[in-house]
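Q: Contents of structure-v1.txt (compact mmCIF, C-alpha atoms and all ligand atoms) are given next:
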```txt
# COMPACT_ATOMS: atom_id res chain seq x y z
CA MET R 268 277.88 150.22 200.89
CA SER R 269 281.26 148.75 201.76
CA ALA R 270 284.23 151.09 201.22
CA THR R 271 286.42 148.27 199.93
CA ALA R 272 285.68 146.05 196.95
CA PRO R 273 285.34 142.34 197.75
CA VAL R 274 288.61 140.46 197.29
CA ARG R 275 288.46 138.11 194.29
CA PRO R 276 290.50 134.97 194.85
CA VAL R 277 293.44 134.38 192.54
CA LEU R 278 292.66 131.93 189.71
CA PRO R 279 294.95 130.01 187.32
CA PRO R 280 294.71 132.57 184.43
CA ASP R 281 295.85 135.29 186.87
CA ILE R 282 298.92 133.19 187.62
CA THR R 283 299.69 132.62 183.93
CA ALA R 284 299.31 136.36 183.32
CA ARG R 285 302.06 137.04 185.87
CA LYS R 286 304.71 135.58 183.52
CA GLY R 287 307.83 137.74 183.58
CA GLY R 288 306.39 140.18 186.14
CA VAL R 289 306.82 140.51 189.89
CA PRO R 290 307.87 137.03 191.07
CA LEU R 291 305.10 134.73 192.24
CA VAL R 292 305.24 133.89 195.94
CA VAL R 293 304.26 130.34 196.84
CA LEU R 294 304.45 128.40 200.10
CA THR R 295 303.03 125.07 201.09
CA ALA R 296 300.24 124.95 203.67
CA TYR R 297 298.51 121.96 205.22
CA THR R 298 296.29 123.45 207.93
CA THR R 299 293.83 126.32 208.33
CA PRO R 300 296.00 128.46 210.66
CA MET R 301 299.02 128.22 208.32
CA ALA R 302 296.79 128.90 205.30
CA ARG R 303 295.61 132.14 206.97
CA LEU R 304 299.22 133.26 207.42
CA VAL R 305 300.15 132.28 203.86
CA ASP R 306 297.06 134.05 202.50
CA SER R 307 298.28 137.40 203.82
CA HIS R 308 301.53 137.30 201.86
CA CYS R 309 301.45 134.75 199.04
CA ASP R 310 299.84 134.24 195.64
CA ILE R 311 299.47 130.47 195.98
CA ALA R 312 299.11 128.08 198.93
CA LEU R 313 300.33 124.70 197.70
CA VAL R 314 298.85 121.74 199.54
CA GLY R 315 301.91 119.65 198.74
CA ASP R 316 302.14 115.93 199.23
CA SER R 317 305.18 116.87 201.32
CA VAL R 318 302.45 116.87 204.02
CA GLY R 319 303.16 113.15 204.40
CA MET R 320 306.75 113.76 205.47
CA VAL R 321 306.28 117.08 207.25
CA LEU R 322 303.12 116.42 209.28
CA HIS R 323 302.74 112.65 209.24
CA GLY R 324 306.36 111.49 209.69
CA MET R 325 306.42 109.40 206.50
CA PRO R 326 309.84 108.59 205.00
CA SER R 327 308.81 109.86 201.53
CA THR R 328 305.70 111.13 199.72
CA ILE R 329 304.93 107.69 198.29
CA GLY R 330 302.42 106.70 200.99
CA VAL R 331 300.30 109.84 200.80
CA THR R 332 296.68 109.09 199.85
CA LEU R 333 293.95 110.99 198.04
CA GLU R 334 291.96 111.08 201.30
CA MET R 335 294.88 112.81 203.08
CA MET R 336 295.09 115.41 200.31
CA ILE R 337 291.33 116.02 200.48
CA LEU R 338 291.41 116.44 204.27
CA HIS R 339 294.34 118.87 204.23
CA GLY R 340 293.05 120.59 201.07
CA ARG R 341 289.74 121.37 202.77
CA ALA R 342 291.52 122.76 205.81
CA VAL R 343 293.67 125.03 203.65
CA VAL R 344 290.84 126.29 201.46
CA ARG R 345 288.95 127.28 204.65
CA GLY R 346 291.87 129.52 205.62
CA LEU R 347 292.25 131.35 202.29
CA GLY R 348 290.62 134.60 201.23
CA LYS R 349 292.61 135.68 198.18
CA ALA R 350 295.52 133.32 197.56
CA MET R 351 294.86 130.33 195.29
CA ALA R 352 294.98 126.79 196.59
CA VAL R 353 296.70 124.17 194.43
CA ILE R 354 296.49 120.55 195.58
CA ASP R 355 299.05 117.87 194.78
CA MET R 356 297.78 114.69 193.16
CA PRO R 357 299.39 111.96 195.27
CA PHE R 358 301.38 108.98 193.98
CA GLY R 359 299.11 106.38 192.38
CA SER R 360 296.18 108.75 191.82
CA TYR R 361 296.90 109.80 188.21
CA GLU R 362 299.66 107.76 186.55
CA GLU R 363 297.42 105.02 185.10
CA GLY R 364 295.99 107.37 182.51
CA PRO R 365 293.79 110.39 181.77
CA ALA R 366 290.52 108.85 183.00
CA GLN R 367 291.94 107.91 186.42
CA ALA R 368 293.60 111.33 186.67
CA TYR R 369 290.35 113.13 185.78
CA ARG R 370 288.31 111.12 188.29
CA ASN R 371 290.70 111.91 191.13
CA ALA R 372 291.39 115.53 190.14
CA ALA R 373 287.62 116.08 190.10
CA ARG R 374 287.40 114.68 193.63
CA LEU R 375 290.19 116.98 194.80
CA MET R 376 288.47 120.01 193.30
CA THR R 377 284.87 119.24 194.24
CA GLU R 378 285.61 117.98 197.77
CA THR R 379 288.00 120.81 198.72
CA GLY R 380 286.97 123.82 196.64
CA ALA R 381 290.53 124.25 195.29
CA PRO R 382 290.61 125.56 191.70
CA ALA R 383 293.71 123.65 190.53
CA VAL R 384 295.84 120.56 190.97
CA LYS R 385 299.54 119.80 190.57
CA LEU R 386 301.02 116.61 189.20
CA GLU R 387 304.56 115.39 188.66
CA GLY R 388 305.96 114.46 185.27
CA GLY R 389 306.88 115.86 181.88
CA GLN R 390 306.49 114.36 178.39
CA HIS R 391 304.93 111.11 179.64
CA MET R 392 302.21 113.11 181.44
CA ALA R 393 301.43 115.44 178.52
CA GLU R 394 298.42 113.43 177.33
CA THR R 395 296.97 113.44 180.85
CA ILE R 396 297.57 117.19 181.31
CA ALA R 397 295.83 117.88 177.98
CA PHE R 398 292.88 115.65 178.95
CA LEU R 399 292.48 117.42 182.31
CA THR R 400 292.83 120.98 181.05
CA ALA R 401 290.33 120.34 178.22
CA ARG R 402 287.82 119.28 180.89
CA GLY R 403 288.12 122.19 183.31
CA VAL R 404 290.96 121.00 185.53
CA PRO R 405 293.75 123.58 185.64
CA VAL R 406 297.10 121.80 186.03
CA MET R 407 300.35 123.01 187.53
CA ALA R 408 303.08 120.69 186.22
CA HIS R 409 306.23 119.66 188.12
CA VAL R 410 309.50 118.61 186.42
CA GLY R 411 313.17 118.17 187.32
CA LEU R 412 313.35 116.33 190.62
CA THR R 413 309.95 114.70 191.02
CA PRO R 414 309.95 113.32 194.59
CA GLN R 415 307.29 110.67 193.88
CA ALA R 416 309.88 109.09 191.53
CA VAL R 417 312.58 109.01 194.23
CA ASN R 418 312.92 105.24 193.91
CA THR R 419 313.55 105.32 190.16
CA LEU R 420 315.74 108.43 190.37
CA GLY R 421 317.78 106.83 193.17
CA GLY R 422 317.53 109.77 195.60
CA TYR R 423 316.66 113.45 195.83
CA LYS R 424 319.18 114.47 193.17
CA VAL R 425 319.72 117.51 191.00
CA VAL R 426 318.05 116.70 187.66
CA GLY R 427 319.11 118.40 184.42
CA ARG R 428 322.89 118.52 184.41
CA GLU R 429 324.75 117.97 181.13
CA ALA R 430 323.07 115.30 178.95
CA GLU R 431 319.89 115.43 181.09
CA ALA R 432 319.31 119.12 180.30
CA ALA R 433 317.64 118.52 176.93
CA LYS R 434 315.16 116.07 178.48
CA VAL R 435 314.16 118.50 181.25
CA MET R 436 313.69 121.26 178.66
CA ALA R 437 311.58 118.88 176.52
CA ASP R 438 309.54 117.90 179.61
CA ALA R 439 308.81 121.54 180.40
CA ARG R 440 307.87 122.34 176.79
CA ALA R 441 305.57 119.29 176.64
CA CYS R 442 303.73 120.40 179.81
CA GLU R 443 303.24 123.89 178.41
CA ALA R 444 302.02 122.55 175.04
CA ALA R 445 299.58 120.27 176.90
CA GLY R 446 298.00 123.27 178.62
CA ALA R 447 299.61 123.51 182.08
CA PHE R 448 299.04 127.00 183.53
CA SER R 449 302.39 127.04 185.35
CA ILE R 450 305.22 124.66 186.13
CA VAL R 451 307.37 123.83 189.16
CA LEU R 452 311.07 123.32 188.47
CA GLU R 453 312.60 121.38 191.37
CA LYS R 454 316.35 120.99 191.85
CA VAL R 455 317.07 122.02 188.26
CA PRO R 456 320.49 123.66 187.70
CA VAL R 457 320.20 127.45 187.72
CA GLY R 458 321.37 127.99 184.12
CA LEU R 459 318.91 125.46 182.73
CA ALA R 460 316.08 126.84 184.90
CA GLY R 461 316.80 130.28 183.42
CA GLN R 462 316.71 128.87 179.87
CA ILE R 463 313.41 127.09 180.53
CA THR R 464 311.96 130.25 182.06
CA HIS R 465 312.91 132.23 178.94
CA ALA R 466 311.65 129.51 176.58
CA LEU R 467 308.17 129.09 178.12
CA ARG R 468 305.15 131.39 178.02
CA ILE R 469 303.84 129.99 181.34
CA PRO R 470 305.43 130.94 184.66
CA THR R 471 308.10 128.72 186.16
CA ILE R 472 308.05 128.34 189.94
CA GLY R 473 311.42 127.28 191.28
CA ILE R 474 312.46 125.29 194.30
CA GLY R 475 316.21 124.91 194.28
CA ALA R 476 316.23 126.24 190.72
CA GLY R 477 317.69 129.75 191.08
CA VAL R 478 316.47 133.29 190.97
CA GLU R 479 315.55 133.53 187.27
CA CYS R 480 312.33 131.55 187.72
CA ASP R 481 309.06 133.48 187.57
CA GLY R 482 308.32 132.56 191.19
CA GLN R 483 309.59 130.62 194.17
CA VAL R 484 308.10 127.92 196.39
CA LEU R 485 309.32 126.51 199.70
CA VAL R 486 307.90 124.00 202.14
CA ILE R 487 306.61 126.20 204.96
CA ASP R 488 307.81 124.00 207.80
CA ASP R 489 311.34 124.07 206.29
CA MET R 490 311.56 127.85 206.04
CA LEU R 491 310.07 128.35 209.51
CA GLY R 492 312.52 125.90 211.06
CA ILE R 493 309.77 123.54 212.27
CA PHE R 494 310.71 120.53 210.10
CA THR R 495 314.36 119.84 210.81
CA ASP R 496 314.78 116.13 209.96
CA PHE R 497 316.92 117.21 207.01
CA ARG R 498 317.66 120.51 205.33
CA PRO R 499 318.18 120.68 201.58
CA LYS R 500 320.71 123.30 200.39
CA PHE R 501 317.94 125.31 198.70
CA VAL R 502 316.08 125.95 201.96
CA LYS R 503 316.63 129.33 203.56
CA ARG R 504 315.45 129.40 207.14
CA TYR R 505 313.54 132.59 207.88
CA ALA R 506 312.71 131.65 211.49
CA ASP R 507 313.62 129.07 214.09
CA LEU R 508 310.15 128.20 215.34
CA GLY R 509 311.18 124.63 216.16
CA ARG R 510 313.64 125.95 218.73
CA ALA R 511 311.12 128.52 220.04
CA ALA R 512 308.55 125.71 220.47
CA ASP R 513 311.11 123.49 222.20
CA GLU R 514 311.97 126.28 224.66
CA ALA R 515 308.29 127.00 225.33
CA ILE R 516 307.48 123.32 225.96
CA ALA R 517 310.50 122.99 228.26
CA ALA R 518 309.37 126.05 230.25
CA TYR R 519 305.83 124.65 230.54
CA ALA R 520 307.13 121.25 231.70
CA ALA R 521 309.37 122.87 234.32
CA GLU R 522 306.54 125.06 235.65
CA VAL R 523 304.08 122.16 235.84
CA ARG R 524 306.62 120.04 237.76
CA ALA R 525 307.35 122.97 240.11
CA ARG R 526 303.62 123.71 240.59
CA ALA R 527 304.32 127.19 239.20
CA PHE R 528 301.63 126.70 236.55
CA PRO R 529 298.72 127.23 236.67
CA GLY R 530 298.85 130.49 238.65
CA PRO R 531 295.88 132.03 240.45
CA GLU R 532 295.10 134.07 237.32
CA HIS R 533 294.47 130.89 235.33
CA GLY R 534 291.87 129.47 237.75
CA PHE R 535 288.18 130.06 238.43
CA ALA R 536 286.89 131.36 241.77
CA ASP R 537 284.49 129.12 243.68
CA GLN R 538 282.01 131.97 243.91
CA VAL R 539 281.12 134.61 241.34
CA LYS R 540 281.69 138.15 242.73
CA SER R 541 278.44 140.10 243.03
O1 LIG R 601 304.94 118.54 197.91
C1 LIG R 601 305.46 119.67 197.86
O2 LIG R 601 305.55 120.39 198.86
C2 LIG R 601 305.95 120.15 196.58
C3 LIG R 601 306.81 121.37 196.56
C4 LIG R 601 308.11 121.07 197.16
C5 LIG R 601 306.95 121.94 195.21
O3 LIG R 601 305.70 119.55 195.57
```
Represent the structure contained in this file as structure tokens.
A:
Amino acid sequence: MSATAPVRPVLPPDITARKGGVPLVVLTAYTTPMARLVDSHCDIALVGDSVGMVLHGMPSTIGVTLEMMILHGRAVVRGLGKAMAVIDMPFGSYEEGPAQAYRNAARLMTETGAPAVKLEGGQHMAETIAFLTARGVPVMAHVGLTPQAVNTLGGYKVVGREAEAAKVMADARACEAAGAFSIVLEKVPVGLAGQITHALRIPTIGIGAGVECDGQVLVIDDMLGIFTDFRPKFVKRYADLGRAADEAIAAYAAEVRARAFPGPEHGFADQVKS
């Protein structure tokens, strides 16, 4: 008999139950190796549509497709043992209405094995969130700055200052009432994020929304210093892997040009020693 009990993967009700407790730790992941690293330390691996900008060089998340999310979702789920995968519904895959959203959420779940999806939007998405959750699709909502709406918002702005605050609060309340199991608050002013966190029974997961949220999420390539095209104020860099990779590649290039690599230890003898 095994000495240790099998690890049960985290599921959406476990996340909801964490409200007000030890903060939830969330990072994005897009590949199996990163998912393995995230799995060791985090509660949730978010397969964010940020994958389009971070791994595919797109200018925004608008061009990300369902097929891309399925491909990266599968890779991430393969790397997880206990953390929960949540997969972003990409732009154009859910906004038409509940039936379209259900069809595509079901594809994300059945073709990747992830137990939950995330979608952007507040009050105008409440009907869709209710439709999905009633049919076995756990939904993480996302309000405040919703990057898929960058063209209507006019940039990656803080959302919720002054007169906007009441709308963001109403958006968050509508998502909770519709059955979301948790909610991302992106670029919401810290005071408002605190008020929303206190007002809701589901956990808030902040990105650029202050320390009062029930959890935090960052894009992994941002916090590791791999994605450096731009650096929002809310990103803390915990490593400079981009620079480390640049130095390693430069050293490799220099050694190849100098015929210093490969060395004898990297080659194969013509004859096997007896
Ligand atoms: O796509 C993403 O990575 C996200 C997080 C920034 C919350 O939605």
Q: Which of these residues is nearest to ligand LIG 601 (chain R), using all atoms listed in the file: R:Pro279, R:Gly475, R:Pro529, R:Gly364?
A: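 Smallest distance to ligand LIG 601 (chain R) is found for R:Gly475.
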Q: Hey, which of R:Glu363, R:Glu453, R:Glu334, R:Asp438 ends up closest to ligand LIG 601 (chain R)? Count all atoms listed in the file.
A: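 Selected residue with least distance to ligand LIG 601 (chain R): R:Glu453.
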Q: Contacts of R:Thr413 at 12 Å or less, counting only C-alpha atoms, minus same-chain residues fewer than 5 places along, as number ranges by chain?
A: R: 316-317, 327-329, 355, 357-358, 385-389, 408, 418-427, 435, 438, 451-455, 474
Q: Would you list the contacts of R:Ala506 as a VMD selection string, taking every protein, DNA or RNA residue within 10 Å and counting only C-alpha atoms, but skipping same-chain residues closer than 3 positions in sequence?
A: chain R and resid 488 to 493 503 509 to 511
Q: For a test of reading the model, state the distance in Å between atom O2 of ligand LIG 601 (chain R) and atom CA of R:Thr295, rounded to one decimal.
A: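 According to the coordinates, atom O2 of ligand LIG 601 (chain R) and atom CA of R:Thr295 are separated by 5.8 Å.
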Q: Check the smallest atom-to-atom distance from each of R:His409, R:Arg275, R:His323, R:Lys434 to ligand LIG 601 (chain R) using all atoms listed in the file, then report the winner.
A: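 Of all the options, R:His409 lies closest to ligand LIG 601 (chain R).
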